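Student: Can you read through this structure? Questions will come right after.
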2 protein chains.
Amino acid sequence: MDLLFVTGNKNKLKEASQILGFEVKGIEVDVPEIQDIEVDNIIEYKARKAYEEVKRPIIIEDTGLYFESMNGFPGALIKWVLKSVGNKGIVKILKNMGHRKAYAKTSIGYFDGDEFRIFSGIIKGEICEEPRGENGFGWDMIFQPEGYDKTFAEMTNEEKNDISMRKIAFEKTREFLFKLDKEVGSL
Amino acid sequence: MDLLFVTGNKNKLKEASQILGFEVKGIEVDVPEIQDIEVDNIIEYKARKAYEEVKRPIIIEDTGLYFESMNGFPGALIKWVLKSVGNKGIVKILKNMGHRKAYAKTSIGYFDGDEFRIFSGIIKGEICEEPRGENGFGWDMIFQPEGYDKTFAEMTNEEKNDISMRKIAFEKTREFLFKLDKEVGSL
């Protein structure tokens with residue numbers, strides 16, 4: 001399919017190709033991330049801007065971590081909280097917020113110059129009282145998915161990928177792309 | 001002077017004209033704010049993008065609130081914290097962070113298509129244990145400047161404007177603009 005994944009991350013590209021079931025090519029586009037808590041808004045802006053450069057159907061992905069006691073904050077801005085205070089700091093922030101419920105959301109935006117679509121995967125869980133585990137990156141060591149007694153960083157890659165919000169989002173994207181292909185034969 | 005202030009805020013425009021000593025005209029430009037903690041980075045991006053639209057010398061302003069115990073977070077992202085948890089939430093966030101030192105920073109970016117300059121004003125202070133005062137907006141009721149026993153929201157407009165980081169930044173801008181005017185006679 002004449003589809004490009006706007007990312008500079010080879011691991012994401014590999015994962016996307018595996019789940020989509022065909023090899024998707026990556027492209028790096030210099031488009032800024034706008035300020036917003038909601039990943040969907042950031043993705044829509046980025047997708048439309050990236051399309052202007054690329055002029056081919058693209059997909060683009062972003063993941064946020066939403067704290068329910070903080071009305072969703074930080075969401076897509078989690079990377080800035082992490083950069084400033086780390087996982088230990090995030091755990092402290094939540095100490096006075098009443099509860100630790102959180103959800104992780106990955107959204108994938110598709111834009112072909114005409115149709116814009118968003119496909120999301122959400123995993124509910126909670127932020128731990130202390131970081132736990134060493135496998136993973138970002139906030140993996142403080143997020144424990146509902147129904148599990150391990151953080152993402154305490155799981156094997158296989159376990160984590162099997163329940164990841166990214167997987168759900170890519171599966172929905174695949175479903176859409178294959179339906180589109182049946183309709184217009186573009187895949 | 002052939003200078004435009006990129007803002008849709010009439011109060012800011014009035015304040016700018018008063019401090020600069022000449023009437024500066026406003027212009028609204030649809031340029032996004034990129035994700036960053038540092039106001040200077042956001043301003044530089046915005047100034048260069050706005051110039052592409054306007055093609056005339058512009059100034060642009062942004063203010064951030066930096067918590068020292070959180071390595072500066074949230075800085076320019078303060079509006080998102082405020083929107084999510086309000087001043088009461090911010091006060092709670094700081095409860096486990098060790099201390100309440102903070103600084104407010106206004107930066108003004110100038111760009112004429114060639115030269116880019118930043119002028120900043122910083123006011124040190126601390127975040128109160130509880131919001132206090134009713135005059136003001138945003139985080140005025142939780143920020144108490146060093147050497148004062150009032151928050152910005154407990155001061156009169158006059159008192160507040162007299163010590164504001166915005167005033168310092170505009171005074172530095174004025175100095176630069178008048179020097180520029182002497183050199184090239186553009187004012």
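Residues in the structure tokens are named by chain (A, B, ... in the order shown) and by number from 1 within that chain; ligands are numbered from 1 in the order shown.
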So which residues touch Phe67 (chain B) within 7 Å, counting only C-alpha atoms, skipping near sequence neighbours fewer than 3 positions away, as a list in words?
Tutor: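 My list of contacting residues is Met70, Asn71, Gly72, Phe73, Pro74, Lys101, Ala102 and Tyr103 of chain B.
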Student: Within 9 Å of Lys92 (chain A), counting only C-alpha atoms, which residues qualify if same-chain residues fewer than 2 places away don't, as a PyMOL selection string?
Tutor: (chain A and resi 87-90+94-96+129-130) or (chain B and resi 93+95-97)
Student: Would you mind writing down, as a PyMOL selection string, each residue of chain A that DSSP on the backbone assigns to alpha helix (DSSP H)?
Tutor: chain A and resi 10-20+39-54+78-93+157-162+165-184
Student: Run DSSP on the backbone and grab whatever in region 70-174 of chain A lands in strand (DSSP E); send it over as a count of residues only.
Tutor: 28
Student: Neighbouring residues of Ile142 (chain A) were defined as those with any atom within 6 Å, considering only C-alpha atoms; residues of the same chain fewer than 2 positions away were excluded. Please report them as a PyMOL selection string.
Tutor: chain A and resi 127-128+131+139-140
Student: Could you list, as a PDB file with N, CA and C atoms, in the first residue's frame, every residue within 7 Å of region 148-162 of chain B, counting only C-alpha atoms and ignoring same-chain residues fewer than 5 positions away?
Tutor:
```pdb
ATOM      1  N   ARG B 132      -4.599  32.403  47.487  1.00  0.00           N
ATOM      2  CA  ARG B 132      -5.004  33.591  48.245  1.00  0.00           C
ATOM      3  C   ARG B 132      -5.202  34.760  47.303  1.00  0.00           C
ATOM      4  N   GLY B 133      -6.327  35.500  47.532  1.00  0.00           N
ATOM      5  CA  GLY B 133      -6.556  36.714  46.765  1.00  0.00           C
ATOM      6  C   GLY B 133      -7.513  36.496  45.614  1.00  0.00           C
ATOM      7  N   GLU B 134      -8.070  37.584  45.140  1.00  0.00           N
ATOM      8  CA  GLU B 134      -9.086  37.447  44.085  1.00  0.00           C
ATOM      9  C   GLU B 134      -8.854  38.348  42.886  1.00  0.00           C
ATOM     10  N   ASN B 135      -7.886  39.258  43.019  1.00  0.00           N
ATOM     11  CA  ASN B 135      -7.606  40.145  41.896  1.00  0.00           C
ATOM     12  C   ASN B 135      -6.563  39.465  41.008  1.00  0.00           C
ATOM     13  N   GLY B 136      -6.908  39.276  39.784  1.00  0.00           N
ATOM     14  CA  GLY B 136      -5.925  38.641  38.911  1.00  0.00           C
ATOM     15  C   GLY B 136      -6.519  37.459  38.197  1.00  0.00           C
ATOM     16  N   ASP B 140      -2.163  33.764  39.484  1.00  0.00           N
ATOM     17  CA  ASP B 140      -1.871  34.928  40.339  1.00  0.00           C
ATOM     18  C   ASP B 140      -2.110  34.641  41.824  1.00  0.00           C
ATOM     19  N   MET B 141      -3.109  33.819  42.130  1.00  0.00           N
ATOM     20  CA  MET B 141      -3.483  33.606  43.535  1.00  0.00           C
ATOM     21  C   MET B 141      -2.600  32.581  44.263  1.00  0.00           C
ATOM     22  N   ILE B 142      -1.650  31.981  43.560  1.00  0.00           N
ATOM     23  CA  ILE B 142      -0.760  31.038  44.263  1.00  0.00           C
ATOM     24  C   ILE B 142       0.703  31.466  44.200  1.00  0.00           C
ATOM     25  N   PHE B 143       0.986  32.584  43.539  1.00  0.00           N
ATOM     26  CA  PHE B 143       2.385  33.020  43.413  1.00  0.00           C
ATOM     27  C   PHE B 143       2.655  34.251  44.273  1.00  0.00           C
ATOM     28  N   LYS B 167       6.690  43.526  32.747  1.00  0.00           N
ATOM     29  CA  LYS B 167       7.196  44.893  32.639  1.00  0.00           C
ATOM     30  C   LYS B 167       8.705  44.900  32.358  1.00  0.00           C
TER      31      LYS B 167
END
```
Student: Residues within 8 Å of region 112-122 of chain B, please, as number ranges by chain. Count only C-alpha atoms; anything in the same chain fewer than 2 positions from it doesn't count.
Tutor: B: 40, 44, 48, 51, 55-58, 103-110, 124, 164-170, 172-173
Student: Name the residues in contact with Ile78 (chain A) at a cut-off of 9 Å, using only C-alpha atoms, excluding same-chain residues fewer than 5 positions from it; report them as number ranges by chain.
Tutor: A: 37, 64-66, 73, 83, 139
Student: Just write the chosen residues, C-alpha atoms, as a compact mmCIF listing (two decimals), in the first residue's frame.
Tutor:
```txt
# COMPACT_ATOMS: atom_id res chain seq x y z
CA ILE A 37 -3.23 17.01 26.65
CA GLY A 64 -0.35 9.57 26.33
CA LEU A 65 -0.65 8.66 29.99
CA TYR A 66 -3.76 10.09 31.65
CA PHE A 73 -3.33 15.51 32.95
CA LYS A 83 11.88 14.67 31.54
CA TRP A 139 6.83 5.33 32.25
```
